[in-house]
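Visitor: Have a look at this one.
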Amino acid sequence: MNSELSEEQQAFADSVRRFAQVNLAAGAVSRAHDPRFPFDVAQLLAKQGLLGIAFNESDGGQGGSLMDSVIAIEQIAAVCPRSADVVQAGNFGPIRTFVEYASPEQKRRFLPDLLAGRSVISLGMSEPDAGSAVTELKTNARQDGNHYVINGTKVFGTHSPDASVFLVYLRFGPGVGGIGSVLVERGTPGFTIGKPSPFMSGEEWCQLYFEDCRIPVENVLLGIGGFKKQISGFNVERLGNSSRSLALGRYAFELAREHASVRKQFGRALCEFQGLQWKFADMALKLESAQLLLYRAARVTSGLPSAYQTAIAKLACNQAGFEVSNDAVQIMGGLGYSQEALAEYCMRRTRGWMIAGGSTEVLKNRIAEEIFDRRFDQRGMQARAAQ
């Protein structure tokens, strides 16, 4: 029993864990090393009600809470780390922004397949010259009658090799106020998806090219002035990232704990060596502390969690997930470094989440702003003006 969960939440966690053990335990290793999106798992999770957990029932969701979504990621990842990506894709990230701001017609067109696990949505945010400084994006749209014409390039989009629809951040006009977003379907004329390129994690991404790509005005999600709404929704995405980071850290921790309990060297079990006992104590401290911050951010009763709470939760979970899985690899030695176990997989995945969804450095900047109750200009414009 997790003392941080209510009886109802614990019952939900137990039911999700049982489901995962029956349906996902077999094949967990092979799934981890397959870069393609597992639509078979997505459809299985959809039938179990694990996609759209916190979406309104009127939208085809389950009417649950963000905390329920976090619990689902934790329990699925404890059995099959790769399948937790599917829970993330069906509850957080671009689908969450879509559900928050899409028109009824847009929801009618796209949500049924997304929530049934038949399709997946990808985010087009980063560009060759716009990463953490996302407001410097250059992809743009100009109106031409009942259409918008898009030109630009996007990179590093999760699920981009397999997505059927892309939520693309772009510029309708100058400045931050000119930034909004549109929905672009795979196969749209003028929209080209490049060849897959692998991340260190084994995931793949495709560069997206827009060359006089025409979309109907009905595909605008948020027009001029929509950037702040999109970023506020992005805070929720960070909960999904945080949940997976922490969950994969725990998965690696359990692998290492089991290994240290049975593996013998110099005539005794590894767990009997004080050096490893202290390492496990440090690992447990990092995981437990990060989980408290994650649960605090996820327990909003209405609206969206605050930027500060999601930033500090993501920072703690990112660091805990990577540091613990990295230690697990070291503890397990050759087996930990081998792809026969998933400790090294957890280490590679958690390392990527320290960059994606807001790098650890950007998160620290945001936390500092809360501490000092002021905004800090990262572009140095104030310093140049003073000169």
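Ordering of the structure tokens sets the chain letters (A, B, ...), residue numbers begin anew at 1 in every chain, and ligands are numbered from 1 in the order given.
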Find the residues around Gln21 in chain A up to 9 Å (only C-alpha atoms counted), leave out those fewer than 5 positions away in its own chain, and share them as a list in words.

Guide: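 Returned residues: Val16, Ala26, Ile76, Val79 and Cys80 of chain A.
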
Visitor: Run DSSP on the backbone and give me the residues of range 97-208 of chain A it puts in alpha helix (DSSP H), as number ranges by chain.

Guide: A: 97-101, 104-115

Visitor: Suppose we keep C-alpha atoms; can you now write the selection as a short mmCIF file (atom, residue, chain, number, x, y, z; two decimals), in the first residue's frame?

Guide:
```cif
data_model
loop_
_atom_site.label_atom_id
_atom_site.label_comp_id
_atom_site.auth_asym_id
_atom_site.auth_seq_id
_atom_site.Cartn_x
_atom_site.Cartn_y
_atom_site.Cartn_z
CA THR A 97 -3.23 20.53 -25.56
CA PHE A 98 -5.50 19.41 -28.37
CA VAL A 99 -8.31 18.37 -26.04
CA GLU A 100 -7.96 21.58 -24.05
CA TYR A 101 -8.39 23.92 -27.03
CA PRO A 104 -15.99 20.36 -31.37
CA GLU A 105 -15.48 19.68 -35.07
CA GLN A 106 -11.74 19.11 -34.62
CA LYS A 107 -12.43 16.72 -31.77
CA ARG A 108 -14.97 14.86 -33.89
CA ARG A 109 -12.43 14.42 -36.67
CA PHE A 110 -9.40 13.33 -34.66
CA LEU A 111 -10.21 12.19 -31.12
CA PRO A 112 -11.98 8.87 -31.81
CA ASP A 113 -8.95 7.31 -33.50
CA LEU A 114 -6.50 8.85 -31.01
CA LEU A 115 -8.40 7.56 -27.98
#
```

Visitor: With a distance cut-off of 10 Å and only C-alpha atoms, select the neighbouring residues of Asp34 in chain A, excluding the residue or stretch itself and same-chain residues fewer than 5 positions from it, and output the selection as a PyMOL selection string.

Guide: chain A and resi 29+82+202-204

Visitor: Identify, on the basis of only C-alpha atoms, every residue whose closest approach to range 352-358 of chain A does not exceed 9 Å; exclude the query and any residue fewer than 3 positions from it along the same chain; express the result as an NGL selection string.

Guide: :A and (93 or 132 or 199-201 or 234-235 or 237-238 or 241-242 or 244-245 or 311 or 314-315 or 318-319 or 322 or 347-349 or 361-363)

Visitor: Can you write out the residues you just picked, keeping N, CA and C atoms, as a CSV table (one decimal), in the first residue's frame?

Guide:
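Ended up saving to out-v7.csv:
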```csv
chain,number,residue,atom,x,y,z
A,93,GLY,N,1.1,15.5,-23.3
A,93,GLY,CA,1.7,15.9,-24.5
A,93,GLY,C,0.7,16.6,-25.4
A,132,SER,N,15.1,25.5,-26.7
A,132,SER,CA,14.6,26.1,-25.5
A,132,SER,C,14.0,27.5,-25.7
A,199,PHE,N,17.5,8.6,-31.9
A,199,PHE,CA,18.0,9.2,-30.7
A,199,PHE,C,18.9,8.2,-30.0
A,200,MET,N,19.6,8.6,-29.0
A,200,MET,CA,20.4,7.7,-28.2
A,200,MET,C,19.5,6.6,-27.5
A,201,SER,N,18.3,7.0,-27.2
A,201,SER,CA,17.4,6.1,-26.5
A,201,SER,C,16.9,5.0,-27.4
A,234,PHE,N,1.3,23.1,-21.7
A,234,PHE,CA,2.6,22.4,-21.8
A,234,PHE,C,3.0,22.0,-20.4
A,235,ASN,N,2.6,22.8,-19.4
A,235,ASN,CA,2.9,22.4,-18.0
A,235,ASN,C,2.4,21.0,-17.7
A,237,GLU,N,2.1,18.6,-19.8
A,237,GLU,CA,2.9,17.6,-20.5
A,237,GLU,C,4.1,17.2,-19.6
A,238,ARG,N,4.6,18.2,-18.9
A,238,ARG,CA,5.7,17.9,-18.0
A,238,ARG,C,5.4,16.8,-16.9
A,241,ASN,N,6.1,13.5,-18.6
A,241,ASN,CA,7.6,13.3,-18.7
A,241,ASN,C,8.1,12.9,-17.3
A,242,SER,N,7.7,13.6,-16.3
A,242,SER,CA,8.2,13.4,-15.0
A,242,SER,C,7.8,12.0,-14.5
A,244,ARG,N,7.2,9.3,-16.3
A,244,ARG,CA,8.0,8.2,-16.9
A,244,ARG,C,9.5,8.2,-16.4
A,245,SER,N,10.0,9.4,-16.2
A,245,SER,CA,11.4,9.5,-15.7
A,245,SER,C,11.5,8.7,-14.3
A,311,ALA,N,7.6,22.5,-12.8
A,311,ALA,CA,9.0,22.6,-13.1
A,311,ALA,C,9.9,21.9,-12.0
A,314,LYS,N,9.4,18.1,-12.3
A,314,LYS,CA,10.1,17.5,-13.5
A,314,LYS,C,11.6,17.5,-13.2
A,315,LEU,N,12.2,18.6,-12.6
A,315,LEU,CA,13.6,18.6,-12.3
A,315,LEU,C,14.0,17.5,-11.4
A,318,ASN,N,13.4,14.0,-13.3
A,318,ASN,CA,14.5,13.8,-14.3
A,318,ASN,C,15.8,13.4,-13.7
A,319,GLN,N,16.2,14.1,-12.6
A,319,GLN,CA,17.5,13.8,-12.0
A,319,GLN,C,17.5,12.5,-11.3
A,322,PHE,N,17.4,9.5,-13.9
A,322,PHE,CA,18.6,9.2,-14.6
A,322,PHE,C,19.7,8.7,-13.6
A,347,MET,N,18.4,4.0,-18.4
A,347,MET,CA,19.4,5.0,-18.3
A,347,MET,C,19.3,5.9,-19.6
A,348,ARG,N,19.2,5.3,-20.7
A,348,ARG,CA,19.2,6.1,-22.0
A,348,ARG,C,17.9,6.9,-22.1
A,349,ARG,N,16.8,6.3,-21.7
A,349,ARG,CA,15.5,7.0,-21.9
A,349,ARG,C,15.5,8.2,-20.9
A,361,GLU,N,18.2,22.9,-17.2
A,361,GLU,CA,18.6,24.3,-17.0
A,361,GLU,C,17.5,25.2,-17.1
A,362,VAL,N,16.6,25.0,-18.1
A,362,VAL,CA,15.4,25.9,-18.2
A,362,VAL,C,14.5,25.8,-17.0
A,363,LEU,N,14.4,24.6,-16.5
A,363,LEU,CA,13.6,24.4,-15.3
A,363,LEU,C,14.1,25.1,-14.1
```

Visitor: Mind dumping a table of every range 137-232 of chain A residue within 9 Å of range 37-41 of chain A, with the nearest atom pair and its distance in Å to one decimal, using only C-alpha atoms, sorted by chain and rising number, as a Markdown table?

Guide:
```
| residue | atom | partner | partner_atom | distance |
| --- | --- | --- | --- | --- |
| A:His159 | CA | A:Phe37 | CA | 6.9 |
| A:Pro161 | CA | A:Phe37 | CA | 8.5 |
| A:Asp162 | CA | A:Phe37 | CA | 6.5 |
| A:Ala163 | CA | A:Phe37 | CA | 8.8 |
```

Visitor: Need the shell around Ala84 in chain A: protein/DNA/RNA residues with any atom at most 9 Å away, counting only C-alpha atoms. Skip same-chain ones fewer than 4 positions apart. Format as number ranges by chain?

Guide: A: 72-78, 80, 88-89, 244, 247

Visitor: Write the residues of the selection above to a file with C-alpha atoms, as an mmCIF file, in the first residue's frame.

Guide:
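To be explicit, this is the file written out as again_37.cif:
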```
data_model
loop_
_atom_site.group_PDB
_atom_site.id
_atom_site.type_symbol
_atom_site.label_atom_id
_atom_site.label_comp_id
_atom_site.auth_asym_id
_atom_site.auth_seq_id
_atom_site.Cartn_x
_atom_site.Cartn_y
_atom_site.Cartn_z
ATOM 1 C CA ALA A 72 -1.375 4.566 -14.744
ATOM 2 C CA ILE A 73 2.040 5.495 -16.155
ATOM 3 C CA GLU A 74 3.762 4.324 -12.970
ATOM 4 C CA GLN A 75 2.010 0.961 -12.898
ATOM 5 C CA ILE A 76 2.404 0.192 -16.602
ATOM 6 C CA ALA A 77 6.080 1.208 -16.539
ATOM 7 C CA ALA A 78 6.726 -1.050 -13.551
ATOM 8 C CA CYS A 80 6.772 -2.762 -19.356
ATOM 9 C CA GLN A 88 1.832 9.188 -21.983
ATOM 10 C CA ALA A 89 0.833 9.682 -25.625
ATOM 11 C CA ARG A 244 8.019 8.221 -16.922
ATOM 12 C CA ALA A 247 8.902 5.172 -13.159
#
```

Visitor: Residues near Ser164 in chain A, anyone? I mean within 10 Å using only C-alpha atoms, not counting same-chain ones fewer than 6 positions away, as a list in words.

Guide: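 Using only C-alpha atoms, the neighbours found are Phe110, Asp113, Leu114, Arg118, Ser119, Val120, Ile121, Ser122, Val184, Glu185, Arg186 and Gly187 of chain A.
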
Visitor: Considering only C-alpha atoms, return as an MDAnalysis selection string whatever protein or nucleic-acid residues lie within 10 Å of Lys138 in chain A, sequence-local ones (same chain, fewer than 6 positions apart) excluded.

Guide: chainID A and resid 127:130 151:154 169:171 174 179

Visitor: Kindly give the distance, in Å, that separates CA of Gln309 in chain A and CA of Phe280 in chain A, rounded to a single decimal.

Guide: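 Separation of CA of Gln309 in chain A and CA of Phe280 in chain A: 27.0 Å.
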
Visitor: Please extract the residues of range 103-271 of chain A with a backbone DSSP assignment of strand (DSSP E or B) and present them as a PDB file with C-alpha atoms, in the first residue's frame.

Guide:
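Result file is states.pdb:
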```
ATOM      1  CA  ILE A 121      -0.424  12.714 -32.576  1.00  0.00           C
ATOM      2  CA  SER A 122       3.034  14.320 -32.744  1.00  0.00           C
ATOM      3  CA  LEU A 123       4.197  17.774 -31.662  1.00  0.00           C
ATOM      4  CA  GLY A 124       6.016  20.081 -34.075  1.00  0.00           C
ATOM      5  CA  GLU A 127      13.275  23.906 -35.032  1.00  0.00           C
ATOM      6  CA  ALA A 130      14.570  27.282 -31.900  1.00  0.00           C
ATOM      7  CA  ASN A 140       5.107  30.627 -40.454  1.00  0.00           C
ATOM      8  CA  ALA A 141       1.594  30.676 -41.874  1.00  0.00           C
ATOM      9  CA  ARG A 142      -0.032  33.288 -44.086  1.00  0.00           C
ATOM     10  CA  GLN A 143      -3.711  33.332 -44.851  1.00  0.00           C
ATOM     11  CA  ASP A 144      -4.830  32.810 -48.431  1.00  0.00           C
ATOM     12  CA  HIS A 147      -6.562  28.340 -46.305  1.00  0.00           C
ATOM     13  CA  TYR A 148      -3.266  28.978 -44.558  1.00  0.00           C
ATOM     14  CA  VAL A 149       0.014  28.455 -46.400  1.00  0.00           C
ATOM     15  CA  ILE A 150       2.775  27.073 -44.164  1.00  0.00           C
ATOM     16  CA  ASN A 151       6.544  27.236 -44.701  1.00  0.00           C
ATOM     17  CA  GLY A 152       9.256  26.076 -42.333  1.00  0.00           C
ATOM     18  CA  THR A 153      10.967  23.099 -40.713  1.00  0.00           C
ATOM     19  CA  LYS A 154      10.510  21.146 -37.482  1.00  0.00           C
ATOM     20  CA  VAL A 165      -1.656  14.242 -37.312  1.00  0.00           C
ATOM     21  CA  PHE A 166       0.821  16.897 -36.141  1.00  0.00           C
ATOM     22  CA  LEU A 167       0.182  19.778 -33.753  1.00  0.00           C
ATOM     23  CA  VAL A 168       2.514  22.421 -35.191  1.00  0.00           C
ATOM     24  CA  TYR A 169       3.591  25.607 -33.424  1.00  0.00           C
ATOM     25  CA  LEU A 170       4.128  28.425 -35.920  1.00  0.00           C
ATOM     26  CA  ARG A 171       4.095  32.132 -36.467  1.00  0.00           C
ATOM     27  CA  ILE A 179       2.572  32.584 -32.311  1.00  0.00           C
ATOM     28  CA  GLY A 180      -0.187  29.980 -32.503  1.00  0.00           C
ATOM     29  CA  SER A 181      -0.696  26.414 -33.670  1.00  0.00           C
ATOM     30  CA  VAL A 182      -2.316  24.368 -36.403  1.00  0.00           C
ATOM     31  CA  LEU A 183      -3.163  20.743 -37.131  1.00  0.00           C
ATOM     32  CA  VAL A 184      -1.470  19.199 -40.158  1.00  0.00           C
ATOM     33  CA  GLU A 185      -2.409  15.734 -41.357  1.00  0.00           C
ATOM     34  CA  PHE A 191       4.118  18.553 -46.112  1.00  0.00           C
ATOM     35  CA  THR A 192       7.104  16.173 -46.307  1.00  0.00           C
ATOM     36  CA  ILE A 193       8.256  13.838 -43.554  1.00  0.00           C
ATOM     37  CA  SER A 197      16.790   9.381 -37.426  1.00  0.00           C
ATOM     38  CA  PRO A 198      17.571   7.640 -34.104  1.00  0.00           C
ATOM     39  CA  GLU A 204      13.306   7.751 -33.863  1.00  0.00           C
ATOM     40  CA  TRP A 205      12.266  11.175 -35.108  1.00  0.00           C
ATOM     41  CA  LEU A 208       9.296  17.858 -40.983  1.00  0.00           C
ATOM     42  CA  TYR A 209       9.328  20.119 -44.042  1.00  0.00           C
ATOM     43  CA  PHE A 210       6.573  22.570 -44.954  1.00  0.00           C
ATOM     44  CA  GLU A 211       6.853  24.033 -48.449  1.00  0.00           C
ATOM     45  CA  ASP A 212       3.772  26.056 -49.371  1.00  0.00           C
ATOM     46  CA  CYS A 213       1.749  23.511 -47.406  1.00  0.00           C
ATOM     47  CA  ARG A 214      -1.930  24.467 -47.579  1.00  0.00           C
ATOM     48  CA  ILE A 215      -4.326  23.661 -44.765  1.00  0.00           C
ATOM     49  CA  PRO A 216      -7.945  24.799 -44.344  1.00  0.00           C
ATOM     50  CA  VAL A 220      -6.156  26.246 -36.841  1.00  0.00           C
ATOM     51  CA  LEU A 221      -6.036  25.160 -33.207  1.00  0.00           C
ATOM     52  CA  LEU A 222      -4.951  28.440 -31.594  1.00  0.00           C
ATOM     53  CA  LYS A 264      27.481 -13.170  -5.024  1.00  0.00           C
ATOM     54  CA  GLN A 265      31.053 -11.917  -5.195  1.00  0.00           C
ATOM     55  CA  ARG A 268      28.731 -13.040  -0.205  1.00  0.00           C
ATOM     56  CA  ALA A 269      25.754 -11.293  -1.740  1.00  0.00           C
TER      57      ALA A 269
END
```

Visitor: Could you work out how far CA of Arg36 in chain A lies from CA of Ser338 in chain A, giving the answer in Å with one decimal?

Guide: 21.3 Å

Visitor: Quote the spacing between CA of Leu45 in chain A and CA of Ser232 in chain A in Å to one decimal place.

Guide: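 Separation between CA of Leu45 in chain A and CA of Ser232 in chain A: 27.3 Å.
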
Visitor: Looking at only C-alpha atoms, which of A:Val134, A:Ala298, A:Ala256, A:Ala32 is the one that sits closest to Phe227 in chain A?

Guide: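 Closest to Phe227 in chain A of all the choices is A:Val134.
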